[in-house]
file model-v2.tsv (TSV, C-alpha atoms)
chain	number	residue	atom	x	y	z
I	1	MET	CA	0.00	0.00	0.00
I	2	GLN	CA	1.37	3.44	-0.90
I	3	TRP	CA	2.51	5.66	1.99
I	4	SER	CA	0.32	8.45	0.63
I	5	LEU	CA	-2.73	6.34	1.34
I	6	VAL	CA	-1.41	5.46	4.79
I	7	LEU	CA	-1.20	9.18	5.57
I	8	LEU	CA	-4.70	9.65	4.15
I	9	VAL	CA	-6.01	6.93	6.44
I	10	LEU	CA	-4.10	7.93	9.59
I	11	MET	CA	-4.12	11.71	9.33
I	12	GLY	CA	-6.92	12.60	6.97
I	13	ARG	CA	-9.69	10.35	8.17
I	14	ARG	CA	-13.11	11.90	7.86
I	15	SER	CA	-15.04	12.53	11.05
I	16	LEU	CA	-18.27	10.68	10.44
I	17	PHE	CA	-21.19	9.73	12.62
I	18	THR	CA	-21.93	6.01	12.82
I	19	CYS	CA	-23.54	4.97	9.55
I	20	GLN	CA	-27.01	3.49	9.90
I	21	LEU	CA	-27.03	0.60	7.45
I	22	PHE	CA	-30.82	0.42	7.27
I	23	GLU	CA	-33.87	2.36	8.45
I	24	TYR	CA	-37.46	1.35	9.23
I	25	HIS	CA	-40.47	3.46	8.28
I	26	PHE	CA	-44.00	3.10	9.63
I	27	ILE	CA	-46.47	4.19	6.94
I	28	ASN	CA	-49.79	5.14	8.49
I	29	LYS	CA	-51.83	4.65	5.33
I	30	ASN	CA	-54.37	1.86	4.86
I	31	MET	CA	-53.48	-0.31	1.87
I	32	GLY	CA	-53.72	-3.90	0.75
I	33	TRP	CA	-50.45	-5.87	0.91
I	34	GLY	CA	-49.80	-5.55	-2.83
I	35	GLU	CA	-50.40	-1.78	-2.77
I	36	ALA	CA	-48.14	-1.46	0.27
I	37	GLN	CA	-45.40	-3.42	-1.51
I	38	LYS	CA	-45.61	-1.09	-4.52
I	39	TYR	CA	-45.48	2.00	-2.27
I	40	CYS	CA	-42.40	0.75	-0.39
I	41	ARG	CA	-40.55	-0.13	-3.57
I	42	GLU	CA	-41.24	3.29	-5.05
I	43	LYS	CA	-40.55	5.41	-1.94
I	44	HIS	CA	-37.98	3.30	-0.05
I	45	THR	CA	-36.52	-0.17	-0.70
I	46	ASP	CA	-39.26	-2.71	0.06
I	47	LEU	CA	-41.68	-4.00	2.68
I	48	VAL	CA	-39.78	-4.86	5.84
I	49	THR	CA	-37.96	-8.16	6.40
I	50	VAL	CA	-37.57	-9.24	10.04
I	51	TYR	CA	-34.64	-11.27	11.34
I	52	GLU	CA	-34.78	-11.20	15.13
I	53	GLU	CA	-36.46	-9.79	18.24
I	54	THR	CA	-34.49	-6.54	18.11
I	55	ASP	CA	-36.11	-5.81	14.73
I	56	ILE	CA	-39.56	-6.33	16.25
I	57	ASN	CA	-38.75	-3.87	19.02
I	58	ARG	CA	-37.56	-1.25	16.53
I	59	LEU	CA	-40.70	-1.67	14.43
I	60	ARG	CA	-42.95	-1.34	17.46
I	61	GLN	CA	-41.08	1.80	18.49
I	62	SER	CA	-41.52	3.34	15.03
I	63	ALA	CA	-45.28	2.63	15.21
I	64	LYS	CA	-45.82	3.83	18.79
I	65	ASN	CA	-49.30	5.15	19.63
I	66	HIS	CA	-50.77	3.04	16.81
I	67	ASP	CA	-52.68	-0.05	17.91
I	68	ARG	CA	-53.60	-1.57	14.54
I	69	ASP	CA	-51.88	-4.52	12.87
I	70	ALA	CA	-49.41	-3.45	10.15
I	71	TRP	CA	-48.17	-5.37	7.11
I	72	THR	CA	-44.67	-6.88	7.01
I	73	GLY	CA	-43.04	-8.24	3.85
I	74	LEU	CA	-43.96	-11.88	4.57
I	75	TYR	CA	-46.48	-13.63	2.30
I	76	ILE	CA	-47.41	-17.20	1.38
I	77	LYS	CA	-46.82	-18.77	-2.01
I	78	GLN	CA	-50.12	-19.13	-3.81
I	79	SER	CA	-49.54	-22.37	-5.72
I	80	GLU	CA	-48.24	-25.83	-4.93
I	81	SER	CA	-47.80	-26.69	-8.61
I	82	ASP	CA	-44.08	-25.83	-8.54
I	83	LYS	CA	-42.72	-27.82	-5.60
I	84	THR	CA	-39.24	-26.28	-6.06
I	85	GLU	CA	-40.67	-23.04	-4.66
I	86	TRP	CA	-41.40	-24.77	-1.35
I	87	ASN	CA	-37.87	-25.02	-0.04
I	88	TRP	CA	-36.73	-27.10	2.92
I	89	ARG	CA	-35.26	-24.89	5.62
I	90	TRP	CA	-33.65	-25.23	9.02
I	91	SER	CA	-35.39	-23.46	11.87
I	92	GLN	CA	-32.15	-22.11	13.32
I	93	ALA	CA	-31.02	-18.82	11.74
I	94	GLY	CA	-27.83	-19.05	9.71
I	95	VAL	CA	-28.00	-22.82	9.11
I	96	GLU	CA	-28.53	-23.58	5.43
I	97	TYR	CA	-30.12	-26.70	3.94
I	98	THR	CA	-28.27	-28.45	1.11
I	99	GLU	CA	-29.42	-31.53	-0.79
I	100	ASP	CA	-25.99	-33.16	-0.76
I	101	THR	CA	-26.01	-33.43	3.06
I	102	ALA	CA	-29.66	-34.52	3.39
I	103	ASN	CA	-30.36	-37.95	4.90
I	104	TRP	CA	-33.92	-38.76	3.80
I	105	LEU	CA	-35.44	-42.21	4.24
I	106	SER	CA	-35.94	-43.91	0.86
I	107	GLY	CA	-39.07	-42.52	-0.81
I	108	LYS	CA	-39.05	-39.39	1.33
I	109	PRO	CA	-39.97	-36.58	1.24
I	110	ASN	CA	-43.27	-37.31	-0.51
I	111	ASN	CA	-45.53	-34.55	0.92
I	112	VAL	CA	-48.53	-36.79	1.58
I	113	ARG	CA	-51.32	-34.81	3.30
I	114	HIS	CA	-49.32	-31.58	3.60
I	115	GLU	CA	-46.30	-33.01	5.44
I	116	TYR	CA	-44.22	-29.91	6.06
I	117	CYS	CA	-42.14	-30.90	9.13
I	118	VAL	CA	-39.42	-33.48	9.71
I	119	MET	CA	-38.67	-36.02	12.41
I	120	MET	CA	-35.59	-38.19	12.64
I	121	TRP	CA	-35.38	-41.85	13.66
I	122	ALA	CA	-32.45	-41.84	16.04
I	123	SER	CA	-31.55	-45.50	15.47
I	124	SER	CA	-31.17	-45.10	11.69
I	125	LYS	CA	-30.49	-41.33	11.46
I	126	TYR	CA	-32.98	-41.10	8.57
I	127	TRP	CA	-35.31	-38.13	8.10
I	128	VAL	CA	-39.06	-38.50	7.51
I	129	ASP	CA	-41.53	-35.77	6.51
I	130	VAL	CA	-44.76	-35.86	8.54
I	131	SER	CA	-47.66	-33.59	9.48
I	132	CYS	CA	-46.55	-30.72	11.69
I	133	THR	CA	-49.53	-31.27	13.98
I	134	SER	CA	-48.53	-34.82	14.97
I	135	LYS	CA	-46.81	-35.10	18.35
I	136	HIS	CA	-43.27	-36.36	18.95
I	137	ARG	CA	-40.38	-35.81	21.31
I	138	PHE	CA	-37.87	-33.22	20.17
I	139	ILE	CA	-34.26	-32.03	20.48
I	140	CYS	CA	-33.31	-28.43	21.29
I	141	TYR	CA	-29.91	-26.83	20.66
I	142	ASP	CA	-28.44	-24.30	23.09
I	143	ALA	CA	-25.61	-22.23	21.62
I	144	GLU	CA	-24.95	-20.43	24.91
I	145	ASN	CA	-24.46	-23.57	27.03
I	146	SER	CA	-20.85	-24.70	26.64
I	147	SER	CA	-21.22	-27.76	28.90
I	148	ASP	CA	-24.40	-29.25	27.40
I	149	LYS	CA	-25.61	-27.83	24.10
I	150	PHE	CA	-28.55	-30.22	23.68
I	151	TYR	CA	-31.88	-30.74	25.41
I	152	VAL	CA	-33.72	-34.00	24.62
I	153	SER	CA	-37.39	-33.90	25.64
I	154	ALA	CA	-39.07	-36.68	27.59
I	155	TYR	CA	-42.56	-35.65	26.40
I	156	THR	CA	-44.24	-34.90	23.08
I	157	LYS	CA	-45.32	-31.72	21.31
I	158	THR	CA	-46.35	-30.68	17.82
I	159	TRP	CA	-43.51	-29.28	15.69
I	160	PRO	CA	-44.56	-25.61	16.18
I	161	GLU	CA	-44.95	-26.17	19.93
I	162	ALA	CA	-41.51	-27.79	20.06
I	163	GLN	CA	-39.99	-24.89	18.10
I	164	MET	CA	-41.62	-22.37	20.44
I	165	PHE	CA	-40.33	-24.23	23.50
I	166	CYS	CA	-36.77	-24.47	22.14
I	167	ARG	CA	-36.66	-20.79	21.20
I	168	LYS	CA	-37.97	-19.77	24.62
I	169	TYR	CA	-35.68	-21.87	26.80
I	170	HIS	CA	-32.70	-22.64	24.52
I	171	THR	CA	-31.67	-21.39	21.06
I	172	ASP	CA	-33.82	-23.39	18.65
I	173	LEU	CA	-34.67	-26.88	17.46
I	174	VAL	CA	-31.52	-28.81	16.55
I	175	SER	CA	-30.59	-27.76	13.01
I	176	GLY	CA	-28.05	-28.88	10.43
I	177	THR	CA	-26.19	-32.15	9.95
I	178	LYS	CA	-23.25	-31.00	12.07
I	179	GLN	CA	-25.42	-30.57	15.18
I	180	LEU	CA	-27.32	-33.80	14.46
I	181	GLU	CA	-24.15	-35.86	14.10
I	182	GLU	CA	-22.83	-34.45	17.36
I	183	ARG	CA	-25.89	-35.61	19.31
I	184	ILE	CA	-27.41	-38.59	17.51
I	185	SER	CA	-25.26	-41.36	19.05
I	186	THR	CA	-26.47	-40.65	22.60
I	187	ILE	CA	-30.26	-40.83	22.17
I	188	THR	CA	-32.69	-43.74	21.84
I	189	GLY	CA	-34.27	-45.07	18.68
I	190	ILE	CA	-37.66	-43.36	18.87
I	191	PRO	CA	-38.41	-40.47	16.47
I	192	TYR	CA	-37.61	-36.87	17.45
I	193	TRP	CA	-38.55	-33.57	15.86
I	194	ILE	CA	-35.60	-31.77	14.28
I	195	GLY	CA	-35.53	-28.21	12.98
I	196	LEU	CA	-36.19	-29.01	9.32
I	197	PHE	CA	-39.43	-27.78	7.77
I	198	ARG	CA	-40.91	-26.96	4.39
I	199	ASP	CA	-41.64	-23.27	4.14
I	200	PRO	CA	-44.15	-21.78	1.67
I	201	TRP	CA	-43.72	-18.31	3.18
I	202	ARG	CA	-41.52	-15.77	1.39
I	203	TRP	CA	-40.27	-12.23	1.94
I	204	SER	CA	-41.11	-9.47	-0.50
I	205	ASP	CA	-37.43	-8.59	-1.00
I	206	GLY	CA	-36.36	-12.23	-1.44
I	207	ARG	CA	-34.41	-12.43	1.84
I	208	SER	CA	-33.97	-15.73	3.66
I	209	SER	CA	-34.93	-14.92	7.26
I	210	PHE	CA	-36.71	-17.78	9.06
I	211	PHE	CA	-37.91	-15.66	12.00
I	212	ARG	CA	-41.61	-16.45	12.62
I	213	PRO	CA	-43.12	-15.13	15.90
I	214	TRP	CA	-46.65	-16.28	15.05
I	215	SER	CA	-49.45	-15.50	17.49
I	216	GLN	CA	-51.24	-18.67	16.32
I	217	THR	CA	-50.07	-22.11	17.36
I	218	PHE	CA	-49.47	-22.79	13.68
I	219	PRO	CA	-50.57	-20.61	10.76
I	220	GLY	CA	-52.39	-22.08	7.78
I	221	ASN	CA	-49.75	-23.13	5.25
I	222	GLN	CA	-52.02	-24.70	2.66
I	223	PRO	CA	-51.49	-23.42	-0.90
I	224	GLY	CA	-54.23	-21.34	-2.41
I	225	ASN	CA	-54.66	-19.20	0.71
I	226	ASN	CA	-54.19	-15.52	-0.03
I	227	LYS	CA	-52.35	-14.83	3.21
I	228	CYS	CA	-49.85	-12.19	4.29
I	229	ALA	CA	-48.27	-11.52	7.68
I	230	ALA	CA	-49.00	-8.48	9.83
I	231	LEU	CA	-47.31	-7.29	13.02
I	232	HIS	CA	-49.59	-6.96	16.06
I	233	LYS	CA	-48.96	-4.23	18.64
I	234	ASP	CA	-47.73	-6.85	21.16
I	235	GLY	CA	-44.96	-7.96	18.77
I	236	SER	CA	-46.59	-11.18	17.56
I	237	TRP	CA	-47.64	-11.85	13.96
I	238	ASN	CA	-51.06	-12.63	12.53
I	239	THR	CA	-51.98	-14.00	9.11
I	240	ASN	CA	-54.56	-11.94	7.25
I	241	ASP	CA	-56.15	-11.73	3.82
I	242	CYS	CA	-53.67	-9.81	1.66
I	243	ASN	CA	-56.47	-7.59	0.31
I	244	SER	CA	-57.26	-6.19	3.78
I	245	ALA	CA	-56.36	-2.52	4.17
I	246	LYS	CA	-53.73	-1.89	6.86
I	247	PRO	CA	-50.82	0.42	7.64
I	248	PHE	CA	-47.42	-1.10	6.89
I	249	PHE	CA	-43.66	-1.06	7.44
I	250	CYS	CA	-41.08	-0.18	4.78
I	251	TYR	CA	-37.31	-0.20	5.07
I	252	SER	CA	-34.55	1.75	3.35
I	253	ASP	CA	-31.30	-0.09	2.65
I	254	ASN	CA	-28.25	2.18	2.92
I	255	VAL	CA	-25.83	-0.52	1.75
I	256	ILE	CA	-24.93	-1.34	-1.83
I	257	LEU	CA	-22.94	-4.38	-2.97
I	258	ILE	CA	-20.52	-3.53	-5.78
I	259	LYS	CA	-20.07	-6.74	-7.75
I	260	GLU	CA	-16.75	-5.68	-9.26
I	261	ASN	CA	-13.39	-7.09	-8.13
I	262	LYS	CA	-11.09	-4.31	-6.96
I	263	THR	CA	-8.12	-3.92	-4.63
I	264	TRP	CA	-8.87	-2.44	-1.21
I	265	GLU	CA	-7.51	0.98	-2.29
I	266	GLU	CA	-9.56	0.89	-5.51
I	267	ALA	CA	-12.64	-0.12	-3.52
I	268	ILE	CA	-12.36	2.72	-1.00
I	269	ASN	CA	-11.77	5.25	-3.79
I	270	HIS	CA	-14.80	3.94	-5.69
I	271	CYS	CA	-17.05	4.27	-2.64
I	272	ARG	CA	-15.84	7.77	-1.79
I	273	GLU	CA	-16.20	8.99	-5.36
I	274	ASN	CA	-19.65	7.49	-6.00
I	275	TYR	CA	-21.33	6.95	-2.62
I	276	ASN	CA	-20.10	7.62	0.91
I	277	ASP	CA	-17.44	5.11	2.03
I	278	LEU	CA	-16.60	1.47	2.47
I	279	ILE	CA	-18.86	0.05	5.18
I	280	SER	CA	-17.90	-0.53	8.78
I	281	ILE	CA	-19.66	-3.05	11.03
I	282	THR	CA	-20.04	-1.94	14.63
I	283	ASP	CA	-22.48	-4.44	16.15
I	284	ALA	CA	-24.07	-7.87	15.63
I	285	GLU	CA	-27.19	-6.38	14.04
I	286	GLN	CA	-25.15	-4.66	11.33
I	287	GLN	CA	-23.13	-7.85	10.81
I	288	ARG	CA	-26.32	-9.80	10.21
I	289	TRP	CA	-27.60	-7.14	7.78
I	290	VAL	CA	-24.38	-7.16	5.73
I	291	GLN	CA	-23.79	-10.92	5.67
I	292	GLU	CA	-27.26	-11.54	4.27
I	293	ARG	CA	-26.38	-9.32	1.30
I	294	ALA	CA	-22.89	-10.80	0.97
I	295	LYS	CA	-24.44	-14.06	-0.22
I	296	ASN	CA	-25.01	-12.35	-3.58
I	297	ALA	CA	-21.32	-11.48	-4.07
I	298	SER	CA	-19.45	-12.91	-7.07
I	299	SER	CA	-16.18	-13.18	-5.11
I	300	SER	CA	-15.23	-15.43	-2.16
I	301	HIS	CA	-14.81	-12.41	0.15
I	302	VAL	CA	-15.94	-8.79	0.30
I	303	TRP	CA	-13.83	-5.84	1.40
I	304	LEU	CA	-14.75	-3.91	4.55
I	305	ALA	CA	-13.44	-0.56	5.81
I	306	LEU	CA	-10.98	-2.34	8.12
I	307	ARG	CA	-7.28	-1.50	7.95
I	308	PHE	CA	-4.24	-2.58	9.99
I	309	THR	CA	-1.53	-0.05	10.75
I	310	CYS	CA	1.92	-1.21	11.81
I	311	ILE	CA	2.63	2.26	13.17
I	312	LEU	CA	-0.06	1.90	15.83
I	313	GLU	CA	-0.12	-1.92	15.73
I	314	ALA	CA	-3.90	-1.91	15.63
I	315	TRP	CA	-6.92	-2.45	13.40
I	316	PHE	CA	-9.25	0.47	12.80
I	317	TRP	CA	-12.24	1.45	10.70
I	318	VAL	CA	-11.28	4.12	8.17
I	319	THR	CA	-14.73	5.62	8.74
I	320	ASP	CA	-13.68	6.58	12.31
I	321	GLU	CA	-15.91	4.11	14.22
I	322	ARG	CA	-14.39	2.27	17.16
I	323	VAL	CA	-13.45	-1.38	16.65
I	324	ASP	CA	-15.41	-2.66	19.64
I	325	TYR	CA	-17.47	-5.33	17.89
I	326	LYS	CA	-15.31	-8.09	16.33
I	327	ASN	CA	-16.11	-11.09	14.16
I	328	TRP	CA	-12.62	-12.40	13.33
I	329	ALA	CA	-11.98	-15.99	12.27
I	330	SER	CA	-10.28	-17.82	15.14
I	331	ASP	CA	-7.00	-18.46	13.31
I	332	VAL	CA	-6.29	-14.87	12.20
I	333	LYS	CA	-2.91	-13.44	13.31
I	334	MET	CA	-2.82	-9.67	13.66
I	335	ASP	CA	0.85	-8.90	13.01
I	336	ASP	CA	1.23	-8.21	9.27
I	337	CYS	CA	1.53	-4.84	7.58
I	338	ASP	CA	-0.29	-3.83	4.39
I	339	MET	CA	-3.34	-5.82	5.36
I	340	SER	CA	-7.01	-4.94	5.14
I	341	GLY	CA	-10.14	-6.62	6.48
I	342	ALA	CA	-12.47	-8.74	4.36
I	343	MET	CA	-15.54	-10.82	5.21
I	344	GLU	CA	-16.39	-14.30	3.94
I	345	ALA	CA	-19.20	-13.96	1.41
I	346	ARG	CA	-20.66	-17.31	2.49
I	347	GLY	CA	-20.26	-19.87	5.26
I	348	GLU	CA	-19.94	-18.26	8.71
I	349	HIS	CA	-19.17	-14.80	7.28
I	350	LYS	CA	-16.12	-14.36	9.50
I	351	TRP	CA	-13.64	-11.52	9.05
I	352	ILE	CA	-10.14	-12.30	7.82
I	353	LYS	CA	-7.05	-10.25	7.01
I	354	GLU	CA	-6.03	-10.11	3.36
I	355	ASP	CA	-3.26	-8.56	1.29
I	356	ASP	CA	-4.84	-5.32	0.10
I	357	MET	CA	-3.75	-6.03	-3.48
I	358	ARG	CA	-6.19	-8.95	-3.66
I	359	LYS	CA	-9.32	-8.14	-5.64
I	360	PHE	CA	-12.80	-8.68	-4.18
I	361	ASN	CA	-16.34	-7.32	-4.37
I	362	PHE	CA	-17.09	-4.71	-1.72
I	363	PHE	CA	-19.83	-2.82	0.09
I	364	CYS	CA	-20.37	0.93	0.00
I	365	SER	CA	-22.53	2.92	2.39
I	366	LYS	CA	-24.89	5.24	0.52
I	367	PHE	CA	-25.09	7.99	3.15
call {"tool": "encode", "arguments": {"input": "model-v2.tsv", "output": "structure tokens"}}
result
Amino acid sequence: MQWSLVLLVLMGRRSLFTCQLFEYHFINKNMGWGEAQKYCREKHTDLVTVYEETDINRLRQSAKNHDRDAWTGLYIKQSESDKTEWNWRWSQAGVEYTEDTANWLSGKPNNVRHEYCVMMWASSKYWVDVSCTSKHRFICYDAENSSDKFYVSAYTKTWPEAQMFCRKYHTDLVSGTKQLEERISTITGIPYWIGLFRDPWRWSDGRSSFFRPWSQTFPGNQPGNNKCAALHKDGSWNTNDCNSAKPFFCYSDNVILIKENKTWEEAINHCRENYNDLISITDAEQQRWVQERAKNASSSHVWLALRFTCILEAWFWVTDERVDYKNWASDVKMDDCDMSGAMEARGEHKWIKEDDMRKFNFFCSKF
């Protein structure tokens, strides 16, 4: 890296306030879901996508003093004719389903009588699709418990009841082949619910969030229902006819993915000339927002506004934010000069150090 750029970074850094990567907007106009979607796409980015409880709290705050249900961006697919649209998903956020790691029993899944949930026979490790309203024992996963990450129930629940229990007292239903393989050898041969389910619900903006705080025990998932999801004032969701007139939530995305491979210096110059700056990530919420978009990158990694200086022997954001939040890969050594920070575009989306002459896609902040 040229010393002129080092001086630019160390001495000429711009004093910026923390960039808000996205904003929520409560629109107090009564519209059907389709009209609301059109409004959001014209005035902002799209109808809102929700990832976690903190999003719910922010939405409720933006709609304070309003006690009516308001549309979110979640809607149900209207046809079962194209089964590829009804993807299998893991309940636990961040765990992705892939066909090459699936362990279905021969002849399964066959979707007889709307079988949208999956149980596993512990003795054989095979997966079987069954009705979500049947009752079985279940396995929860607890990411915060280092001594015992699994809870195996001694009683039965429906799949939605099991999911609700696991999310309330642990992290979620056990999800992904890695977690299953870690636990399967220690349980008996009866069937247990796992976190795999077939999801006909989709987000308006095409995002992949699986967050579903339904107020109902289990919402109607049958195809042909014209259903969309609305946020209730208590933070739970209801399913309503999409033609019903309601207020709604939009969001504005202040992040843009540049799908061009550039060096770190070229990337920062591009952002500053055309937008605002390379993006910095200062908390877990921003990390989640960026990594969801990184899945669309055409490179293995994406550049961030992270830079290491040998003069100060420290990493810093060139946008002047403090490096308090960290998401480094565990094997990263922080002792090389001429290094910049990049994030994995897929997988666990960890940060790594890279030679700044490598060429990757990158993110710019718009404001």
call {"tool": "closest_residue", "arguments": {"input": "model-v2.tsv", "among": "I:Ser209, I:Leu74, I:Asp277, I:Thr177", "to": "Glu99 of chain I", "atoms": "all atoms listed in the file"}}
result
I:Thr177
call {"tool": "atom_distance", "arguments": {"input": "model-v2.tsv", "atom1": "atom CA of Ser204 of chain I", "atom2": "atom CA of Leu47 of chain I"}}
result
6.4 Å
call {"tool": "residues_near_point", "arguments": {"input": "model-v2.tsv", "point": "(-28.3, -26.9, 17.6)", "cutoff": "12 Å", "atoms": "all atoms listed in the file", "output": "ChimeraX atom specification"}}
result
/I:90-95,138-146,148-152,163,166-167,170-184,194-196
call {"tool": "closest_residue", "arguments": {"input": "model-v2.tsv", "among": "I:Ile27, I:Ala36, I:Leu231, I:Ala305", "to": "Asn57 of chain I", "atoms": "all atoms listed in the file"}}
result
I:Leu231
call {"tool": "closest_residue", "arguments": {"input": "model-v2.tsv", "among": "I:Asn327, I:Ser340, I:Asn226, I:Thr101", "to": "Gln287 of chain I", "atoms": "all atoms listed in the file"}}
result
I:Asn327
call {"tool": "closest_residue", "arguments": {"input": "model-v2.tsv", "among": "I:Thr49, I:Thr239, I:Thr309, I:Ser330", "to": "Gly73 of chain I", "atoms": "all atoms listed in the file"}}
result
I:Thr49
call {"tool": "closest_residue", "arguments": {"input": "model-v2.tsv", "among": "I:Phe22, I:Phe362, I:Trp71, I:Tyr116", "to": "Ser300 of chain I", "atoms": "all atoms listed in the file"}}
result
I:Phe362
call {"tool": "residues_around", "arguments": {"input": "model-v2.tsv", "residues": "segment 128-137 of chain I", "least_positions_apart": "3", "cutoff": "12 Å", "atoms": "only C-alpha atoms", "output": "PyMOL selection string"}}
result
chain I and resi 88+102-122+124-125+140+151-163+165-166+173+187-199+217-221
call {"tool": "atom_distance", "arguments": {"input": "model-v2.tsv", "atom1": "atom CA of Phe367 of chain I", "atom2": "atom CA of Lys353 of chain I"}}
result
25.9 Å
call {"tool": "closest_residue", "arguments": {"input": "model-v2.tsv", "among": "I:Lys359, I:Ile76, I:Cys364, I:Glu52", "to": "Arg272 of chain I", "atoms": "only C-alpha atoms"}}
result
I:Cys364
call {"tool": "residues_around", "arguments": {"input": "model-v2.tsv", "residues": "Leu21 of chain I", "least_positions_apart": "4", "cutoff": "7 Å", "atoms": "all atoms listed in the file", "output": "list of chain:residue names"}}
result
I:Asp253, I:Asn254, I:Val255, I:Gln286
call {"tool": "atom_distance", "arguments": {"input": "model-v2.tsv", "atom1": "atom CA of Gly206 of chain I", "atom2": "atom CA of Val290 of chain I"}}
result
14.9 Å
call {"tool": "residues_around", "arguments": {"input": "model-v2.tsv", "residues": "Cys250 of chain I", "least_positions_apart": "6", "cutoff": "7 Å", "atoms": "only C-alpha atoms", "output": "ChimeraX atom specification"}}
result
/I:24-26,40,44,46-48
